[in-house]
Structures are given as structure tokens and as C-alpha cells.
$ cat structure_36.txt   # compact mmCIF, C-alpha atoms
# COMPACT_ATOMS: atom_id res chain seq x y z
CA MET A 1291 2.96 -22.41 31.50
CA LYS A 1292 0.76 -19.44 30.60
CA VAL A 1293 0.94 -17.89 27.14
CA GLY A 1294 -0.45 -14.58 25.90
CA VAL A 1295 -1.61 -14.64 22.29
CA ILE A 1296 -2.16 -11.12 20.98
CA GLY A 1297 -4.52 -11.12 18.03
CA ALA A 1298 -7.61 -13.29 17.50
CA GLY A 1299 -7.89 -13.45 13.74
CA ALA A 1300 -7.61 -16.79 11.95
CA TRP A 1301 -3.89 -17.26 12.62
CA GLY A 1302 -3.99 -16.00 16.20
CA THR A 1303 -6.94 -18.20 17.09
CA ALA A 1304 -5.34 -21.22 15.42
CA LEU A 1305 -2.13 -20.69 17.42
CA ALA A 1306 -4.10 -20.21 20.64
CA ILE A 1307 -5.85 -23.54 20.05
CA THR A 1308 -2.53 -25.24 19.29
CA VAL A 1309 -0.84 -23.83 22.40
CA ALA A 1310 -3.82 -24.85 24.55
CA HIS A 1311 -3.76 -28.40 23.17
CA GLY A 1312 -0.05 -28.46 24.04
CA GLY A 1313 -0.92 -28.05 27.71
CA ALA A 1314 -0.46 -24.34 28.38
CA ASP A 1315 -3.10 -21.94 29.64
CA VAL A 1316 -3.78 -19.21 27.09
CA VAL A 1317 -4.89 -15.60 27.36
CA LEU A 1318 -6.14 -14.67 23.88
CA TRP A 1319 -6.31 -10.91 23.41
CA SER A 1320 -8.92 -9.66 20.95
CA TYR A 1321 -9.67 -5.99 20.41
CA ASP A 1322 -13.42 -6.74 20.30
CA ASN A 1323 -13.61 -9.97 22.33
CA GLU A 1324 -14.32 -11.93 19.15
CA TYR A 1325 -12.27 -14.71 17.64
CA LYS A 1326 -12.14 -16.83 14.48
CA HIS A 1327 -14.48 -19.83 14.47
CA PHE A 1328 -13.27 -22.92 12.59
CA ASP A 1329 -15.75 -25.52 11.41
CA GLY A 1330 -15.53 -28.68 13.48
CA VAL A 1331 -13.07 -27.18 15.98
CA ASP A 1332 -14.06 -26.45 19.57
CA MET A 1333 -12.29 -23.82 21.64
CA PRO A 1334 -10.37 -25.50 24.48
CA ASN A 1335 -11.48 -24.63 28.01
CA ASN A 1336 -8.01 -23.39 28.94
CA ILE A 1337 -8.28 -20.33 26.65
CA GLU A 1338 -9.42 -17.05 28.18
CA ILE A 1339 -10.59 -14.47 25.62
CA THR A 1340 -10.24 -10.83 26.63
CA ASN A 1341 -9.85 -7.29 25.28
CA ASP A 1342 -7.89 -6.28 28.40
CA PHE A 1343 -4.13 -6.19 27.77
CA GLY A 1344 -3.59 -6.25 31.52
CA LYS A 1345 -4.53 -9.93 31.61
CA THR A 1346 -1.50 -10.76 29.45
CA LYS A 1347 0.93 -9.19 31.93
CA ASN A 1348 1.57 -12.27 34.05
CA THR A 1349 2.11 -14.69 31.19
CA ASP A 1350 5.38 -16.47 30.49
CA THR A 1351 5.52 -15.72 26.75
CA TRP A 1352 3.77 -13.51 24.25
CA LEU A 1353 2.87 -14.59 20.72
CA ILE A 1354 2.02 -11.50 18.66
CA VAL A 1355 -0.25 -12.41 15.76
CA THR A 1356 -1.77 -9.15 14.51
CA PRO A 1357 -1.78 -8.14 10.82
CA ALA A 1358 1.35 -6.29 9.71
CA SER A 1359 -0.67 -3.11 9.17
CA PHE A 1360 -1.71 -3.05 12.86
CA PHE A 1361 1.49 -4.42 14.39
CA ARG A 1362 2.97 -1.09 15.52
CA GLU A 1363 -0.34 0.24 16.84
CA THR A 1364 -0.97 -2.97 18.80
CA LEU A 1365 2.52 -2.90 20.31
CA ARG A 1366 1.98 0.66 21.52
CA LYS A 1367 -1.26 -0.36 23.22
CA ALA A 1368 0.28 -3.51 24.71
CA LYS A 1369 3.41 -1.80 26.03
CA LEU A 1370 2.00 -0.97 29.47
CA ALA A 1371 1.24 -4.65 30.06
CA TYR A 1372 4.66 -5.90 28.98
CA ASN A 1373 6.47 -7.61 31.83
CA GLY A 1374 9.79 -8.70 30.30
CA GLN A 1375 8.62 -12.02 28.86
CA PRO A 1376 10.06 -13.36 25.59
CA ILE A 1377 8.05 -12.36 22.52
CA ILE A 1378 7.50 -14.55 19.48
CA ILE A 1379 6.48 -12.57 16.38
CA CYS A 1380 4.01 -14.64 14.37
CA THR A 1381 3.21 -11.93 11.83
CA LYS A 1382 4.77 -12.12 8.36
CA GLY A 1383 5.19 -9.00 6.31
CA ALA A 1384 6.53 -5.48 6.18
CA GLU A 1385 4.94 -2.22 7.24
CA SER A 1386 3.67 -0.48 4.11
CA THR A 1387 4.56 3.06 5.24
CA THR A 1388 8.13 2.38 6.44
CA ASN A 1389 9.03 -0.98 4.79
CA GLN A 1390 10.21 -2.15 8.21
CA PHE A 1391 9.99 -5.82 9.20
CA MET A 1392 8.10 -6.75 12.34
CA SER A 1393 11.27 -7.34 14.40
CA GLU A 1394 12.48 -3.85 13.50
CA ILE A 1395 9.17 -2.38 14.66
CA LEU A 1396 9.38 -4.39 17.88
CA GLN A 1397 12.89 -3.11 18.58
CA SER A 1398 11.86 0.50 17.97
CA GLU A 1399 8.59 0.41 19.92
CA LEU A 1400 9.56 -2.01 22.70
CA PRO A 1401 13.35 -1.75 23.08
CA GLU A 1402 13.19 -3.29 26.55
CA CYS A 1403 12.33 -6.63 24.91
CA ILE A 1404 15.74 -8.30 24.62
CA ASP A 1405 14.59 -11.84 23.92
CA PHE A 1406 12.38 -12.21 20.88
CA GLY A 1407 11.88 -14.62 18.04
CA VAL A 1408 10.09 -14.97 14.72
CA LEU A 1409 7.82 -17.85 13.67
CA SER A 1410 7.44 -18.42 9.93
CA GLY A 1411 6.61 -21.36 7.70
CA PRO A 1412 3.98 -23.17 5.61
CA GLN A 1413 0.94 -22.60 7.79
CA PHE A 1414 -2.68 -22.46 6.65
CA ALA A 1415 -4.54 -21.44 9.79
CA HIS A 1416 -7.54 -23.75 9.42
CA GLU A 1417 -5.29 -26.80 9.10
CA VAL A 1418 -3.28 -25.80 12.17
CA ALA A 1419 -6.51 -25.35 14.16
CA GLN A 1420 -7.62 -28.82 13.05
CA GLY A 1421 -4.37 -30.37 14.24
CA THR A 1422 -2.85 -31.12 10.84
CA PRO A 1423 0.90 -31.85 11.19
CA THR A 1424 2.62 -28.53 10.53
CA GLY A 1425 6.24 -27.42 10.55
CA SER A 1426 7.71 -23.96 10.93
CA THR A 1427 10.99 -22.14 11.42
CA LEU A 1428 11.50 -20.46 14.77
CA ALA A 1429 14.33 -17.91 14.80
CA GLY A 1430 15.55 -15.87 17.74
CA THR A 1431 17.63 -15.70 20.89
CA ASN A 1432 18.18 -18.86 22.95
CA ILE A 1433 15.69 -17.75 25.59
CA ALA A 1434 13.07 -16.97 22.95
CA LEU A 1435 13.69 -20.30 21.23
CA ASN A 1436 13.20 -22.19 24.48
CA ALA A 1437 10.00 -20.29 25.26
CA GLY A 1438 8.67 -20.75 21.74
CA THR A 1439 9.36 -24.47 21.59
CA ASP A 1440 7.68 -24.96 24.98
CA ALA A 1441 4.58 -23.02 23.94
CA LEU A 1442 4.36 -24.46 20.42
CA ASN A 1443 5.17 -28.06 21.23
CA LYS A 1444 2.40 -29.30 18.92
CA LEU A 1445 4.27 -27.90 15.88
CA TYR A 1446 7.42 -29.33 14.30
CA LEU A 1447 9.96 -26.56 14.70
CA ASP A 1448 13.32 -25.96 13.06
CA THR A 1449 15.23 -23.48 15.20
CA THR A 1450 17.84 -20.94 14.14
CA SER A 1451 19.36 -17.62 15.18
CA ASP A 1452 18.77 -16.20 11.68
CA VAL A 1453 16.00 -13.69 12.36
CA ILE A 1454 16.66 -11.50 9.30
CA GLY A 1455 16.71 -14.47 6.93
CA THR A 1456 13.50 -15.86 8.40
CA GLU A 1457 11.75 -12.51 7.99
CA ILE A 1458 13.00 -12.01 4.44
CA CYS A 1459 11.63 -15.46 3.58
CA GLY A 1460 8.26 -14.58 5.10
CA VAL A 1461 8.01 -11.30 3.18
CA GLY A 1462 9.62 -12.63 0.02
CA LYS A 1463 7.33 -15.61 -0.40
CA ASN A 1464 4.35 -13.22 -0.33
CA ALA A 1465 5.76 -11.28 -3.29
CA VAL A 1466 6.74 -14.44 -5.20
CA ALA A 1467 3.33 -16.03 -4.57
CA LEU A 1468 1.66 -12.91 -5.97
CA ILE A 1469 3.87 -13.11 -9.08
CA CYS A 1470 3.15 -16.82 -9.49
CA GLY A 1471 -0.60 -16.32 -9.19
CA TYR A 1472 -0.46 -13.56 -11.79
CA ASN A 1473 1.56 -15.69 -14.19
CA SER A 1474 -0.69 -18.71 -13.72
CA VAL A 1475 -3.23 -16.70 -15.73
CA VAL A 1476 -1.08 -14.89 -18.31
CA ALA A 1477 1.93 -17.16 -18.92
CA ARG A 1478 2.57 -20.69 -20.18
CA GLU A 1479 4.27 -23.30 -18.03
CA ASN A 1480 7.87 -22.88 -19.23
CA GLU A 1481 7.72 -19.14 -18.62
CA ARG A 1482 6.03 -19.59 -15.25
CA ALA A 1483 8.81 -21.90 -14.05
CA MET A 1484 11.48 -19.49 -15.26
CA ILE A 1485 9.92 -16.44 -13.60
CA PHE A 1486 9.25 -18.34 -10.36
CA THR A 1487 12.90 -19.39 -10.12
CA ARG A 1488 14.30 -15.98 -11.00
CA ALA A 1489 11.98 -14.23 -8.53
CA TRP A 1490 13.03 -16.48 -5.64
CA ASN A 1491 16.69 -16.04 -6.58
CA GLU A 1492 16.20 -12.29 -6.16
CA ILE A 1493 14.89 -12.90 -2.63
CA VAL A 1494 17.86 -15.15 -1.82
CA ASP A 1495 20.31 -12.57 -3.21
CA LEU A 1496 18.72 -9.93 -0.97
CA GLY A 1497 18.99 -12.23 2.02
CA MET A 1498 22.66 -12.96 1.43
CA ALA A 1499 23.41 -9.24 1.11
CA ALA A 1500 21.55 -8.60 4.38
CA GLY A 1501 23.62 -11.17 6.27
CA ALA A 1502 21.17 -14.08 6.26
CA GLN A 1503 22.15 -17.75 6.17
CA MET A 1504 21.63 -19.69 2.93
CA ARG A 1505 20.23 -22.68 4.83
CA THR A 1506 17.29 -20.56 6.00
CA PHE A 1507 16.05 -20.21 2.42
CA LEU A 1508 16.10 -23.99 2.04
CA GLY A 1509 14.11 -24.58 5.22
CA LEU A 1510 10.48 -24.51 6.28
CA CYS A 1511 10.26 -20.71 6.23
CA GLY A 1512 11.87 -20.68 2.77
CA ILE A 1513 11.18 -23.48 0.31
CA GLY A 1514 8.47 -24.91 2.59
CA ASP A 1515 6.42 -21.72 2.77
CA LEU A 1516 7.14 -20.89 -0.85
CA PHE A 1517 5.79 -24.28 -1.95
CA LEU A 1518 2.58 -23.73 0.02
CA SER A 1519 1.99 -20.09 -0.93
CA ALA A 1520 3.17 -19.96 -4.55
CA THR A 1521 1.36 -23.05 -5.84
CA SER A 1522 -2.11 -22.95 -4.29
CA PRO A 1523 -5.17 -20.76 -4.94
CA THR A 1524 -5.88 -21.19 -1.21
CA SER A 1525 -3.02 -18.72 -0.68
CA ARG A 1526 -4.32 -15.14 -0.55
CA ASN A 1527 -1.28 -13.89 -2.44
CA PHE A 1528 -1.52 -16.50 -5.20
CA SER A 1529 -5.28 -15.96 -5.59
CA GLY A 1530 -4.71 -12.21 -5.40
CA GLY A 1531 -2.27 -12.39 -8.28
CA MET A 1532 -4.79 -14.41 -10.28
CA ALA A 1533 -7.49 -11.82 -9.63
CA ILE A 1534 -5.23 -8.93 -10.70
CA ALA A 1535 -4.33 -10.74 -13.94
CA ARG A 1536 -8.03 -11.13 -14.68
CA GLY A 1537 -8.74 -7.45 -14.02
CA GLU A 1538 -10.58 -8.23 -10.80
CA THR A 1539 -10.22 -6.79 -7.30
CA PRO A 1540 -8.42 -9.21 -4.97
CA ALA A 1541 -10.34 -10.42 -1.93
CA GLY A 1542 -8.99 -9.43 1.47
CA THR A 1543 -5.48 -8.23 2.29
CA VAL A 1544 -2.81 -9.23 -0.22
CA GLU A 1545 0.48 -8.80 1.64
CA GLY A 1546 2.49 -9.49 -1.51
CA ILE A 1547 1.45 -6.13 -2.97
CA PHE A 1548 2.95 -4.27 0.01
CA ALA A 1549 5.95 -6.61 0.10
CA LEU A 1550 7.11 -5.60 -3.38
CA ASN A 1551 7.90 -2.01 -2.42
CA GLY A 1552 9.76 -2.96 0.74
CA LEU A 1553 11.84 -5.68 -0.89
CA ILE A 1554 12.75 -3.52 -3.87
CA ALA A 1555 13.72 -0.61 -1.59
CA ARG A 1556 15.99 -2.91 0.44
CA GLY A 1557 17.44 -4.35 -2.74
CA ASP A 1558 18.24 -0.89 -4.05
CA ALA A 1559 19.90 0.06 -0.75
CA LEU A 1560 22.07 -3.07 -0.86
CA GLY A 1561 22.85 -2.90 -4.57
CA ILE A 1562 20.75 -5.96 -5.47
CA ASP A 1563 19.03 -5.90 -8.85
CA MET A 1564 15.46 -7.24 -8.78
CA PRO A 1565 14.10 -7.11 -12.34
CA VAL A 1566 11.32 -9.69 -11.82
CA LEU A 1567 9.95 -7.98 -8.72
CA LYS A 1568 10.25 -4.58 -10.40
CA ALA A 1569 8.37 -5.86 -13.45
CA MET A 1570 5.50 -6.96 -11.19
CA LYS A 1571 5.50 -3.61 -9.43
CA HIS A 1572 5.25 -1.89 -12.83
CA LYS A 1573 2.27 -4.07 -13.79
CA LEU A 1574 0.52 -3.14 -10.55
CA LYS A 1575 1.36 0.57 -11.05
CA ILE A 1576 2.41 0.98 -7.40

$ encode --input "structure_36.txt" --output "C-alpha cells"
Amino acid sequence: MKVGVIGAGAWGTALAITVAHGGADVVLWSYDNEYKHFDGVDMPNNIEITNDFGKTKNTDTWLIVTPASFFRETLRKAKLAYNGQPIIICTKGAESTTNQFMSEILQSELPECIDFGVLSGPQFAHEVAQGTPTGSTLAGTNIALNAGTDALNKLYLDTTSDVIGTEICGVGKNAVALICGYNSVVARENERAMIFTRAWNEIVDLGMAAGAQMRTFLGLCGIGDLFLSATSPTSRNFSGGMAIARGETPAGTVEGIFALNGLIARGDALGIDMPVLKAMKHKLKI
């Protein structure tokens, strides 16, 4: 099996290493031929690093792992090399300018891709690269699920057809983690627990209105990812919320900030009230 991994940041590199350790040959696309180095982790010999999209053409599966802000642009560049293979979206988030999820962008920019899936779950990249046992939800068509489970055989995967629920979980946990980080500084424990629960309930309500399955929110992409992201300063969204509460500038990209607008806009369109998320948006003045 040969797998194209598009994006060589921390998460893309970690997935490339995982896929390679699972026995597949990997073409790792990087816009500048660089990749993330992890302490104590060697790059397997069966990974080819390139900035030429053409080398991904004859792969069996694509894993797209670019930041949400570059997802559309990367797809447009990759389109000429697309050869009908299943695509697994490994990017969590929503596009800040349109509020679209990554699967919606994929369908608009690459409509010829019929078989696609979404990977989401509690995944810190450095631990995945080091081989720490990690579980995720893989949602998609049957062909995409088969391709994804073959490529990612080193991960524990729960599979489902619930793409929209899996994406809402991935975006929603970013917003809730941001809120939890903020409240870890300004609120006492009773209030923090209350706000955490109410915020996640708003995400679940949105998912149900959008046609998602309740079980998805109880799985690895839901409670699992929420537990990881909304309780640990290692999470960029949690630490970003802490920094904002302290009047500091968050380090790096904080997806939860962009997620708030998209989730609230979808909630308004579906008639779902989201007072906790709206309160956080008001505090951020966005």
C-alpha cells in the first residue's frame, strides 16, 4: 500500500510516521520540503518527503493534514494530482471566512472525490509519533473506511458513517476547550464544571439538529477528544483560553477562537440557542 500524506506539520508528520510503521510506503508532501522533528523519533526509511504534488498521484489513499486556514488553498493546488483515491480528512476545524467544515470544502473544491472520510479524536501529535496507544473516530463511506483502517492500522479506530457529527465534535471541542481554559483562570470549580457541561450540551444540541448521531458525541471524537483538549494546558485551545483570561496573547493558532463564530452561525441557522458560546464570543469581542 502507498499512502499520500499532504501536510508535514506536527500532525501530518506524526501520521506519516504511524502509517509507515504500519507497513505502507508514504509520500509526505511538504510545501517547503521540511517536516516536524520529534525528539527521540527517527523518520522511517519508507517515507519520501517532497514538495511535488505529482508524486502523490499514484498512491492508494490521501490523508490531508493541512491547517484549516490552508485547507482550501492546498486542495486547489493538489487537484491536478488527484487520481480518484479515497481521501481521509485529518484536519479539525472550520474555515474562518466561510464557517465551512473541511468536508464541505472538499466537496466544493474536489467534487469528483466520492469516497472520503474524517479522522478525529484525542490525538497529541508527539505522542502519536512516539507510538503511544491512541484511538480515534474514523467516519466516512465504506470505501474510505476500509482505506483509512488499512493505512492507519497502528491506531485504534472506531468507525462510523456520521461525518457531520464527527466534524461537529472536532470543531466543538476546540471552542469548549477554549472556554474551559479561560474559566480555569477566572472561575471557581463549581462554576467551571457547570459551564463546561452547558457548553458541551450546546454542541450536542447543534449536532442533533444537524442530523448527527448521539453516539458520536460519546465516542473518541466526542468525549475522548473533549477530555484531552478541555482539561490539559498541553492543548493549544485550553492554554489559549488561559492566556486570554490573563490578558496575554495566545501562542500559535487557537482554532477555538475561529470555531466560535462558525458554531454560533450554524446554531442560529438551525434555531439552537448557544448562550455559553455567545458569552465567550462577547468576551473575546469577535

$ residues_near_point --input "structure_36.txt" --point "(3.9, -23.5, 5.8)" --cutoff "6 Å" --atoms "all atoms listed in the file" --output "list in words"
Gly1411, Pro1412, Gln1413, Gly1514, Asp1515 and Leu1518 of chain A

$ atom_distance --input "structure_36.txt" --atom1 "CA of Lys1292 in chain A" --atom2 "CA of Ile1337 in chain A"
9.9 Å

$ residues_around --input "structure_36.txt" --residues "Ala1467 in chain A" --least-positions-apart "6" --cutoff "6 Å" --atoms "all atoms listed in the file" --output "PDB file with C-alpha atoms, in the frame of the given file"
ATOM      1  CA  SER A1519       1.990 -20.090  -0.930  1.00  0.00           C
ATOM      2  CA  ALA A1520       3.170 -19.960  -4.550  1.00  0.00           C
ATOM      3  CA  ASN A1527      -1.280 -13.890  -2.440  1.00  0.00           C
ATOM      4  CA  PHE A1528      -1.520 -16.500  -5.200  1.00  0.00           C
TER       5      PHE A1528
END

$ residues_near_point --input "structure_36.txt" --point "(10.2, -10.7, 29.4)" --cutoff "7 Å" --atoms "only C-alpha atoms" --output "NGL selection string"
:A and (1373-1376 or 1403)

$ atom_distance --input "structure_36.txt" --atom1 "CA of Lys1575 in chain A" --atom2 "CA of Gly1383 in chain A"
20.2 Å

$ closest_residue --input "structure_36.txt" --among "A:Gly1530, A:Gly1294, A:Gly1438, A:Gly1471" --to "Asp1342 in chain A" --atoms "only C-alpha atoms"
A:Gly1294

$ closest_residue --input "structure_36.txt" --among "A:Ala1298, A:Leu1396, A:Cys1470, A:Leu1428" --to "Phe1517 in chain A" --atoms "all atoms listed in the file"
A:Cys1470

$ closest_atom_pairs --input "structure_36.txt" --of "range 1381-1407 of chain A" --to "range 1548-1563 of chain A" --cutoff "7 Å" --atoms "all atoms listed in the file" --output "CSV"
residue,atom,partner,partner_atom,distance
A:Gly1383,CA,A:Ala1549,CA,6.7
A:Ala1384,CA,A:Ala1549,CA,6.2
A:Ser1386,CA,A:Phe1548,CA,5.6
A:Asn1389,CA,A:Gly1552,CA,4.6

$ write_last_selection --input "structure_36.txt" --atoms "C-alpha atoms" --output "PDB file, keeping the file's coordinate frame"
ATOM      1  CA  GLY A1383       5.190  -9.000   6.310  1.00  0.00           C
ATOM      2  CA  ALA A1384       6.530  -5.480   6.180  1.00  0.00           C
ATOM      3  CA  SER A1386       3.670  -0.480   4.110  1.00  0.00           C
ATOM      4  CA  ASN A1389       9.030  -0.980   4.790  1.00  0.00           C
TER       5      ASN A1389
END

$ residues_around --input "structure_36.txt" --residues "Leu1370 in chain A" --least-positions-apart "5" --cutoff "9 Å" --atoms "all atoms listed in the file" --output "PyMOL selection string"
chain A and resi 1343-1344+1347

$ axis_aligned_box --input "structure_36.txt" --around "range 1361-1378 of chain A" --padding-each-side "3 Å" --output "AutoDock Vina command-line options"
--center_x 4.4 --center_y -6.9 --center_z 23.1 --size_x 17.3 --size_y 21.2 --size_z 23.4

$ closest_residue --input "structure_36.txt" --among "A:Glu1399, A:Leu1409, A:Gln1420, A:Lys1326" --to "Glu1363 in chain A" --atoms "only C-alpha atoms"
A:Glu1399

$ residues_around --input "structure_36.txt" --residues "Val1475 in chain A" --least-positions-apart "3" --cutoff "12 Å" --atoms "all atoms listed in the file" --output "list in words"
Leu1468, Ile1469, Cys1470, Gly1471, Tyr1472, Arg1478, Glu1479, Glu1481, Arg1482, Pro1523, Phe1528, Ser1529, Gly1530, Gly1531, Met1532, Ala1533, Ile1534, Ala1535, Arg1536 and Gly1537 of chain A

$ write_last_selection --input "structure_36.txt" --atoms "C-alpha atoms" --output "compact mmCIF listing (two decimals), in the coordinates of the input"
# COMPACT_ATOMS: atom_id res chain seq x y z
CA LEU A 1468 1.66 -12.91 -5.97
CA ILE A 1469 3.87 -13.11 -9.08
CA CYS A 1470 3.15 -16.82 -9.49
CA GLY A 1471 -0.60 -16.32 -9.19
CA TYR A 1472 -0.46 -13.56 -11.79
CA ARG A 1478 2.57 -20.69 -20.18
CA GLU A 1479 4.27 -23.30 -18.03
CA GLU A 1481 7.72 -19.14 -18.62
CA ARG A 1482 6.03 -19.59 -15.25
CA PRO A 1523 -5.17 -20.76 -4.94
CA PHE A 1528 -1.52 -16.50 -5.20
CA SER A 1529 -5.28 -15.96 -5.59
CA GLY A 1530 -4.71 -12.21 -5.40
CA GLY A 1531 -2.27 -12.39 -8.28
CA MET A 1532 -4.79 -14.41 -10.28
CA ALA A 1533 -7.49 -11.82 -9.63
CA ILE A 1534 -5.23 -8.93 -10.70
CA ALA A 1535 -4.33 -10.74 -13.94
CA ARG A 1536 -8.03 -11.13 -14.68
CA GLY A 1537 -8.74 -7.45 -14.02

$ closest_atom_pairs --input "structure_36.txt" --of "range 1374-1439 of chain A" --to "range 1444-1451 of chain A" --cutoff "12 Å" --atoms "all atoms listed in the file" --output "tab-separated table"
residue	atom	partner	partner_atom	distance
A:Asp1405	CA	A:Ser1451	CA	11.5
A:Phe1406	CA	A:Ser1451	CA	10.5
A:Gly1407	CA	A:Ser1451	CA	8.6
A:Val1408	CA	A:Ser1451	CA	9.7
A:Leu1409	CA	A:Leu1447	CA	9.0
A:Ser1410	CA	A:Leu1447	CA	9.8
A:Gly1411	CA	A:Leu1447	CA	9.3
A:Pro1412	CA	A:Tyr1446	CA	11.2
A:Gln1413	CA	A:Leu1445	CA	10.2
A:Glu1417	CA	A:Leu1445	CA	11.8
A:Val1418	CA	A:Leu1445	CA	8.7
A:Ala1419	CA	A:Lys1444	CA	10.8
A:Gln1420	CA	A:Lys1444	CA	11.6
A:Gly1421	CA	A:Lys1444	CA	8.3
A:Thr1422	CA	A:Leu1445	CA	9.3
A:Pro1423	CA	A:Leu1445	CA	7.0
A:Thr1424	CA	A:Leu1445	CA	5.6
A:Gly1425	CA	A:Tyr1446	CA	4.4
A:Ser1426	CA	A:Leu1447	CA	5.1
A:Thr1427	CA	A:Asp1448	CA	4.8
A:Leu1428	CA	A:Thr1449	CA	4.8
A:Ala1429	CA	A:Thr1450	CA	4.7
A:Gly1430	CA	A:Ser1451	CA	4.9
A:Thr1431	CA	A:Ser1451	CA	6.3
A:Asn1432	CA	A:Ser1451	CA	8.0
A:Ile1433	CA	A:Ser1451	CA	11.0
A:Ala1434	CA	A:Ser1451	CA	10.0
A:Leu1435	CA	A:Thr1449	CA	7.0
A:Asn1436	CA	A:Thr1449	CA	9.6
A:Ala1437	CA	A:Thr1449	CA	11.8
A:Gly1438	CA	A:Leu1447	CA	9.2
A:Thr1439	CA	A:Leu1447	CA	7.2

$ atom_distance --input "structure_36.txt" --atom1 "CA of Glu1394 in chain A" --atom2 "CA of Ile1379 in chain A"
11.0 Å

$ closest_residue --input "structure_36.txt" --among "A:Asp1452, A:Trp1490, A:Glu1385, A:Glu1457" --to "Ile1547 in chain A" --atoms "only C-alpha atoms"
A:Glu1385

$ closest_residue --input "structure_36.txt" --among "A:Ile1354, A:Met1484, A:Ala1306, A:Leu1365" --to "Glu1338 in chain A" --atoms "all atoms listed in the file"
A:Ala1306

$ residues_around --input "structure_36.txt" --residues "Gly1462 in chain A" --least-positions-apart "4" --cutoff "7 Å" --atoms "only C-alpha atoms" --output "ChimeraX atom specification"
/A:1458,1466,1493

$ write_last_selection --input "structure_36.txt" --atoms "C-alpha atoms" --output "PDB file, in the frame of the given file"
ATOM      1  CA  ILE A1458      13.000 -12.010   4.440  1.00  0.00           C
ATOM      2  CA  VAL A1466       6.740 -14.440  -5.200  1.00  0.00           C
ATOM      3  CA  ILE A1493      14.890 -12.900  -2.630  1.00  0.00           C
TER       4      ILE A1493
END

$ closest_residue --input "structure_36.txt" --among "A:Gly1546, A:Gly1299, A:Pro1540, A:Gly1501" --to "Ser1320 in chain A" --atoms "all atoms listed in the file"
A:Gly1299
